[in-house]
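Asker: This structure is in structure tokens; I'll ask about it shortly.
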Amino acid sequence: MTQFLIKGSSKIFRQEKEQVLMIFKDTIHGAQREGFIEGTGHLRKAFTYYFYRFLERHGIRTHLDESQGCALTEDGIIVHQLKPVRIEIIVRNVARGHWVDPHKVPVFKGGTVFDEPIVEFCLKWKCEKEDGTLIDDPRISPAVAIALHKHAKDPSIRDHMIPDEEEAETLQKLAIAINNSYRDFLAQHGWILEDFKFEVGVGPDRNFIVIDEISPDCSRIRDKAGNSLTKDLFRQQRPAEDIYEGYRLLKEAIEELANQETHHA
């Protein structure tokens with residue numbers, strides 16, 4: 001029996017018998033626009049799968065479910081169903097996006113390279129006010145995340161955050177570990193990781209497990225010349241073929257690396 005668990009703007013989670021399938025759409029969002037670029041869902045799916053295999057080999061747990069064989073299918077990725085933590089974690093190596101864009105909080109000069117990576121927590125939550133203003137993934141401190149875990153009035157947030165400072169530190173360490181592996185992989189091709197975001201879930205042991213996707217859709221990556229390879233191309237209103245090509249280059253690079261590591265294991 002097929003059951004749709006989540007129907008999002010860019011992904012669908014579908015349960016079929018004992019398996020959960022994460023399906024990627026060809027939609028793309030950015031700069032308050034939505035578009036459709038054929039084939040980008042397939043590239044995001046493949047990048048996420050091979051990148052998660054890469055992370056697994058570096059000791060970082062993900063929700064890939066390869067208990068019955070390869071988790072990568074024609075339709076999507078087979079994943080474990082976990083309790084999600086309602087925090088979106090962002091790691092910034094370079095100032096872009098929220099802290100640069102004129103319509104947000106332009107307090108840094110775009111392209112400023114930080115001395116150390118900055119880890120941000122955002123509440124994964126959207127709310128439209130009566131005047132039409134959208135509150136979208138507000139920035140929160142670890143202390144606010146801990147308080148929300150116990151006191152949030154929304155039951156989808158309460159008990160779905162983190163209960164203490166120890167878990168906050170664990171999340172921050174996980175973010176830096178992923179960032180280090182991601183940067184090292186890209187550096188092999190002369191590419192620069194500016195920032196990325198990811199999500200986690202928890203299993204019965206309360207250990208954090210990377211869920212959802214990490215792909216060109218939720219990363220900012222540039223080549224040596226400063227050209228974007230990721231969703232910034234859509235924000236810049238570049239042609240669809242340029243966006244597809246950036247995604248393709250990244251997908252092929254991570255697939256090649258994952259296969260090399262498997263071969264030499």
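We label chains A, B, ... in the order they appear in the structure tokens, count residues from 1 in each chain, and number ligands from 1 in the order shown.
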Return as number ranges by chain the full set of residues in range 113-260 of chain A whose backbone-based DSSP assignment is helix (DSSP H, G or I).
Answerer: A: 142-151, 165-187, 216-218, 232-235, 240-260
Asker: Taking 3 positions as the minimum chain separation for residues in the same chain, which residues sit within 12 Å of Ile89 in chain A when counting only C-alpha atoms? Answer as an MDAnalysis selection string.
Answerer: chainID A and resid 85:86 92 118:124 137:142 145 168 171:176 178:179 195:201 210:211 214 218:219
Asker: Check range 9-239 of chain A with DSSP on the backbone and list each residue it calls strand (DSSP E), as an mmCIF file with N, CA and C atoms, in the first residue's frame.
Answerer:
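See out_10.cif below for the written result:
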```
data_model
loop_
_atom_site.group_PDB
_atom_site.id
_atom_site.type_symbol
_atom_site.label_atom_id
_atom_site.label_comp_id
_atom_site.auth_asym_id
_atom_site.auth_seq_id
_atom_site.Cartn_x
_atom_site.Cartn_y
_atom_site.Cartn_z
ATOM 1 N N LYS A 11 10.212 17.977 -2.590
ATOM 2 C CA LYS A 11 10.374 16.533 -2.358
ATOM 3 C C LYS A 11 9.066 15.927 -1.881
ATOM 4 N N ILE A 12 8.960 14.627 -2.089
ATOM 5 C CA ILE A 12 7.842 13.835 -1.578
ATOM 6 C C ILE A 12 8.424 12.656 -0.807
ATOM 7 N N PHE A 13 7.872 12.391 0.364
ATOM 8 C CA PHE A 13 8.231 11.183 1.099
ATOM 9 C C PHE A 13 7.042 10.226 1.004
ATOM 10 N N ARG A 14 7.287 9.049 0.446
ATOM 11 C CA ARG A 14 6.218 8.088 0.163
ATOM 12 C C ARG A 14 6.554 6.745 0.811
ATOM 13 N N GLN A 15 5.602 6.194 1.510
ATOM 14 C CA GLN A 15 5.804 4.886 2.136
ATOM 15 C C GLN A 15 5.179 3.811 1.265
ATOM 16 N N GLU A 16 5.984 2.805 0.970
ATOM 17 C CA GLU A 16 5.524 1.654 0.201
ATOM 18 C C GLU A 16 5.884 0.397 0.984
ATOM 19 N N GLN A 19 9.073 0.299 3.274
ATOM 20 C CA GLN A 19 10.113 1.236 2.866
ATOM 21 C C GLN A 19 9.577 2.651 2.731
ATOM 22 N N VAL A 20 10.444 3.630 3.039
ATOM 23 C CA VAL A 20 10.124 5.037 2.820
ATOM 24 C C VAL A 20 11.008 5.536 1.682
ATOM 25 N N LEU A 21 10.375 6.122 0.678
ATOM 26 C CA LEU A 21 11.091 6.603 -0.496
ATOM 27 C C LEU A 21 11.072 8.127 -0.511
ATOM 28 N N MET A 22 12.255 8.726 -0.633
ATOM 29 C CA MET A 22 12.399 10.177 -0.756
ATOM 30 C C MET A 22 12.519 10.501 -2.241
ATOM 31 N N ILE A 23 11.522 11.216 -2.770
ATOM 32 C CA ILE A 23 11.420 11.500 -4.199
ATOM 33 C C ILE A 23 11.700 12.985 -4.436
ATOM 34 N N PHE A 24 12.533 13.280 -5.410
ATOM 35 C CA PHE A 24 12.960 14.648 -5.683
ATOM 36 C C PHE A 24 12.230 15.201 -6.904
ATOM 37 N N THR A 27 11.471 20.999 -9.294
ATOM 38 C CA THR A 27 11.208 22.394 -8.952
ATOM 39 C C THR A 27 12.426 23.004 -8.275
ATOM 40 N N ILE A 28 12.547 24.314 -8.397
ATOM 41 C CA ILE A 28 13.665 25.022 -7.784
ATOM 42 C C ILE A 28 13.135 26.357 -7.259
ATOM 43 N N HIS A 29 13.617 26.759 -6.073
ATOM 44 C CA HIS A 29 13.132 27.969 -5.420
ATOM 45 C C HIS A 29 14.313 28.869 -5.061
ATOM 46 N N GLY A 30 14.081 30.156 -5.091
ATOM 47 C CA GLY A 30 15.115 31.105 -4.689
ATOM 48 C C GLY A 30 14.724 32.511 -5.082
ATOM 49 N N ARG A 33 11.130 33.220 -5.897
ATOM 50 C CA ARG A 33 10.603 32.700 -7.162
ATOM 51 C C ARG A 33 10.595 31.177 -7.119
ATOM 52 N N GLU A 34 9.799 30.589 -8.002
ATOM 53 C CA GLU A 34 9.796 29.144 -8.182
ATOM 54 C C GLU A 34 9.926 28.838 -9.660
ATOM 55 N N GLY A 35 10.705 27.819 -9.987
ATOM 56 C CA GLY A 35 10.872 27.433 -11.373
ATOM 57 C C GLY A 35 10.860 25.924 -11.525
ATOM 58 N N PHE A 36 10.927 25.483 -12.755
ATOM 59 C CA PHE A 36 10.969 24.057 -13.082
ATOM 60 C C PHE A 36 12.099 23.853 -14.074
ATOM 61 N N ILE A 77 15.309 7.772 -3.236
ATOM 62 C CA ILE A 77 16.258 7.187 -2.296
ATOM 63 C C ILE A 77 15.464 6.526 -1.176
ATOM 64 N N ILE A 78 15.791 5.287 -0.848
ATOM 65 C CA ILE A 78 15.144 4.581 0.254
ATOM 66 C C ILE A 78 15.813 5.032 1.551
ATOM 67 N N VAL A 79 14.997 5.508 2.495
ATOM 68 C CA VAL A 79 15.540 6.078 3.734
ATOM 69 C C VAL A 79 14.822 5.501 4.951
ATOM 70 N N LYS A 83 12.510 10.397 13.761
ATOM 71 C CA LYS A 83 11.877 11.561 14.368
ATOM 72 C C LYS A 83 12.712 12.790 14.022
ATOM 73 N N PRO A 84 12.140 13.736 13.255
ATOM 74 C CA PRO A 84 12.947 14.895 12.850
ATOM 75 C C PRO A 84 13.114 15.892 13.988
ATOM 76 N N ILE A 87 15.062 21.751 13.677
ATOM 77 C CA ILE A 87 16.127 22.751 13.558
ATOM 78 C C ILE A 87 16.789 22.571 12.201
ATOM 79 N N GLU A 88 16.948 23.679 11.486
ATOM 80 C CA GLU A 88 17.742 23.689 10.267
ATOM 81 C C GLU A 88 19.108 24.254 10.635
ATOM 82 N N ILE A 89 20.158 23.502 10.341
ATOM 83 C CA ILE A 89 21.510 23.925 10.708
ATOM 84 C C ILE A 89 22.206 24.468 9.466
ATOM 85 N N ILE A 90 22.758 25.660 9.587
ATOM 86 C CA ILE A 90 23.485 26.292 8.489
ATOM 87 C C ILE A 90 24.942 26.458 8.910
ATOM 88 N N VAL A 91 25.850 26.115 8.011
ATOM 89 C CA VAL A 91 27.281 26.353 8.239
ATOM 90 C C VAL A 91 27.752 27.344 7.193
ATOM 91 N N ARG A 92 28.354 28.445 7.653
ATOM 92 C CA ARG A 92 28.816 29.493 6.745
ATOM 93 C C ARG A 92 30.332 29.642 6.835
ATOM 94 N N ASN A 93 30.987 29.503 5.689
ATOM 95 C CA ASN A 93 32.415 29.786 5.571
ATOM 96 C C ASN A 93 32.651 31.171 4.971
ATOM 97 N N VAL A 94 31.647 31.655 4.244
ATOM 98 C CA VAL A 94 31.717 32.924 3.529
ATOM 99 C C VAL A 94 30.378 33.643 3.726
ATOM 100 N N VAL A 113 35.259 36.284 3.849
ATOM 101 C CA VAL A 113 35.634 34.935 4.301
ATOM 102 C C VAL A 113 35.813 34.971 5.815
ATOM 103 N N PHE A 114 35.097 34.130 6.522
ATOM 104 C CA PHE A 114 35.177 34.099 7.971
ATOM 105 C C PHE A 114 36.439 33.378 8.440
ATOM 106 N N ASP A 115 36.969 33.807 9.577
ATOM 107 C CA ASP A 115 38.166 33.176 10.131
ATOM 108 C C ASP A 115 37.901 31.723 10.494
ATOM 109 N N GLU A 116 36.712 31.448 10.996
ATOM 110 C CA GLU A 116 36.280 30.090 11.344
ATOM 111 C C GLU A 116 34.855 29.899 10.844
ATOM 112 N N PRO A 117 34.463 28.670 10.537
ATOM 113 C CA PRO A 117 33.076 28.442 10.120
ATOM 114 C C PRO A 117 32.085 28.893 11.199
ATOM 115 N N ILE A 118 30.978 29.458 10.763
ATOM 116 C CA ILE A 118 29.920 29.884 11.674
ATOM 117 C C ILE A 118 28.756 28.914 11.553
ATOM 118 N N VAL A 119 28.296 28.405 12.697
ATOM 119 C CA VAL A 119 27.157 27.490 12.722
ATOM 120 C C VAL A 119 25.932 28.241 13.234
ATOM 121 N N GLU A 120 24.856 28.208 12.459
ATOM 122 C CA GLU A 120 23.604 28.865 12.853
ATOM 123 C C GLU A 120 22.516 27.813 13.046
ATOM 124 N N PHE A 121 21.635 28.069 14.011
ATOM 125 C CA PHE A 121 20.428 27.277 14.187
ATOM 126 C C PHE A 121 19.240 28.104 13.709
ATOM 127 N N CYS A 122 18.345 27.485 12.953
ATOM 128 C CA CYS A 122 17.092 28.116 12.555
ATOM 129 C C CYS A 122 15.946 27.197 12.970
ATOM 130 N N LEU A 123 14.876 27.793 13.445
ATOM 131 C CA LEU A 123 13.666 27.034 13.724
ATOM 132 C C LEU A 123 13.000 26.699 12.396
ATOM 133 N N LYS A 126 7.283 27.912 9.473
ATOM 134 C CA LYS A 126 6.789 29.029 8.666
ATOM 135 C C LYS A 126 5.441 29.465 9.206
ATOM 136 N N CYS A 127 5.203 30.779 9.204
ATOM 137 C CA CYS A 127 3.942 31.317 9.691
ATOM 138 C C CYS A 127 3.627 32.599 8.929
ATOM 139 N N GLU A 128 2.432 32.672 8.347
ATOM 140 C CA GLU A 128 2.019 33.889 7.653
ATOM 141 C C GLU A 128 1.144 34.722 8.578
ATOM 142 N N LEU A 134 5.523 36.884 5.951
ATOM 143 C CA LEU A 134 5.878 35.488 6.191
ATOM 144 C C LEU A 134 7.063 35.407 7.144
ATOM 145 N N ILE A 135 6.869 34.714 8.252
ATOM 146 C CA ILE A 135 7.974 34.404 9.160
ATOM 147 C C ILE A 135 8.518 33.049 8.731
ATOM 148 N N ASP A 136 9.748 33.050 8.274
ATOM 149 C CA ASP A 136 10.299 31.863 7.612
ATOM 150 C C ASP A 136 11.610 31.450 8.265
ATOM 151 N N ARG A 139 16.090 32.681 12.886
ATOM 152 C CA ARG A 139 17.333 32.324 13.560
ATOM 153 C C ARG A 139 17.077 32.224 15.062
ATOM 154 N N ILE A 140 17.619 31.201 15.685
ATOM 155 C CA ILE A 140 17.455 31.014 17.127
ATOM 156 C C ILE A 140 18.793 30.642 17.739
ATOM 157 N N ILE A 192 34.956 26.035 -4.048
ATOM 158 C CA ILE A 192 34.901 26.647 -2.716
ATOM 159 C C ILE A 192 33.499 26.474 -2.138
ATOM 160 N N LEU A 193 33.431 25.905 -0.934
ATOM 161 C CA LEU A 193 32.163 25.775 -0.226
ATOM 162 C C LEU A 193 31.933 27.041 0.589
ATOM 163 N N GLU A 194 30.912 27.806 0.209
ATOM 164 C CA GLU A 194 30.605 29.032 0.935
ATOM 165 C C GLU A 194 29.671 28.760 2.117
ATOM 166 N N ASP A 195 28.616 28.020 1.873
ATOM 167 C CA ASP A 195 27.733 27.638 2.976
ATOM 168 C C ASP A 195 26.854 26.464 2.551
ATOM 169 N N PHE A 196 26.196 25.850 3.507
ATOM 170 C CA PHE A 196 25.227 24.795 3.222
ATOM 171 C C PHE A 196 24.331 24.644 4.440
ATOM 172 N N LYS A 197 23.202 23.980 4.254
ATOM 173 C CA LYS A 197 22.303 23.708 5.371
ATOM 174 C C LYS A 197 21.928 22.231 5.365
ATOM 175 N N PHE A 198 21.571 21.738 6.544
ATOM 176 C CA PHE A 198 21.176 20.334 6.647
ATOM 177 C C PHE A 198 20.228 20.162 7.822
ATOM 178 N N GLU A 199 19.636 18.974 7.894
ATOM 179 C CA GLU A 199 18.707 18.647 8.967
ATOM 180 C C GLU A 199 19.096 17.304 9.574
ATOM 181 N N VAL A 200 18.605 17.072 10.781
ATOM 182 C CA VAL A 200 18.893 15.804 11.459
ATOM 183 C C VAL A 200 17.610 15.222 12.038
ATOM 184 N N GLY A 201 17.666 13.933 12.248
ATOM 185 C CA GLY A 201 16.638 13.225 12.995
ATOM 186 C C GLY A 201 17.303 12.443 14.100
ATOM 187 N N VAL A 202 16.485 11.835 14.948
ATOM 188 C CA VAL A 202 17.025 11.022 16.032
ATOM 189 C C VAL A 202 16.391 9.636 15.984
ATOM 190 N N PHE A 208 22.164 11.748 16.728
ATOM 191 C CA PHE A 208 21.761 12.548 15.583
ATOM 192 C C PHE A 208 22.148 11.847 14.285
ATOM 193 N N ILE A 209 21.215 11.837 13.341
ATOM 194 C CA ILE A 209 21.408 11.211 12.039
ATOM 195 C C ILE A 209 21.009 12.225 10.976
ATOM 196 N N VAL A 210 21.866 12.432 9.982
ATOM 197 C CA VAL A 210 21.590 13.398 8.921
ATOM 198 C C VAL A 210 20.432 12.886 8.067
ATOM 199 N N ILE A 211 19.425 13.741 7.852
ATOM 200 C CA ILE A 211 18.247 13.354 7.078
ATOM 201 C C ILE A 211 18.007 14.354 5.944
ATOM 202 N N SER A 219 23.213 24.360 -0.930
ATOM 203 C CA SER A 219 24.630 24.702 -0.762
ATOM 204 C C SER A 219 24.963 25.888 -1.660
ATOM 205 N N ARG A 220 25.966 26.645 -1.254
ATOM 206 C CA ARG A 220 26.545 27.647 -2.141
ATOM 207 C C ARG A 220 27.983 27.232 -2.416
ATOM 208 N N ILE A 221 28.268 26.984 -3.689
ATOM 209 C CA ILE A 221 29.590 26.516 -4.114
ATOM 210 C C ILE A 221 30.016 27.331 -5.326
ATOM 211 N N ARG A 222 31.270 27.768 -5.322
ATOM 212 C CA ARG A 222 31.792 28.546 -6.446
ATOM 213 C C ARG A 222 33.089 27.942 -6.952
#
```
Asker: Dump as CSV the rows for residues of range 221-260 of chain A within 8 Å of range 47-60 of chain A: closest atom pair and distance in Å with one decimal, only C-alpha atoms counted, ordered by chain and rising residue number.
Answerer:
```
residue,atom,partner,partner_atom,distance
A:Leu250,CA,A:Phe47,CA,7.3
A:Lys251,CA,A:Phe47,CA,4.7
A:Glu252,CA,A:Phe47,CA,7.9
A:Ile254,CA,A:Tyr50,CA,6.1
A:Glu255,CA,A:Tyr50,CA,5.5
A:Leu257,CA,A:Phe54,CA,7.8
A:Ala258,CA,A:Phe54,CA,5.6
```
Asker: Can those selected residues be exported to a file as a CSV table (one decimal), in the first residue's frame so that it contains C-alpha atoms?
Answerer:
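Final output, saved to part-v3.csv:
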```csv
chain,number,residue,atom,x,y,z
A,250,LEU,CA,28.9,18.5,-8.8
A,251,LYS,CA,26.9,15.2,-9.1
A,252,GLU,CA,29.5,13.6,-11.3
A,254,ILE,CA,30.8,13.2,-5.8
A,255,GLU,CA,29.7,10.0,-7.6
A,257,LEU,CA,34.7,10.1,-5.4
A,258,ALA,CA,32.2,7.8,-3.7
```
Asker: Would you mind telling me which residue in A:Asp232, A:Thr40, A:Lys25, A:Asp75 lies nearest to Arg96 in chain A when using only C-alpha atoms?
Answerer: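 Of A:Asp232, A:Thr40, A:Lys25, A:Asp75, the one nearest Arg96 in chain A, counting only C-alpha atoms, is A:Asp232.
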Asker: Go through A:Lys17, A:Arg206, A:Lys7, A:His189 one by one, measure the shortest atom-to-atom distance of each to Asp223 in chain A using only C-alpha atoms, and give the residue with the smallest value.
Answerer: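 Ranking A:Lys17, A:Arg206, A:Lys7, A:His189 by distance to Asp223 in chain A, first place goes to A:His189.
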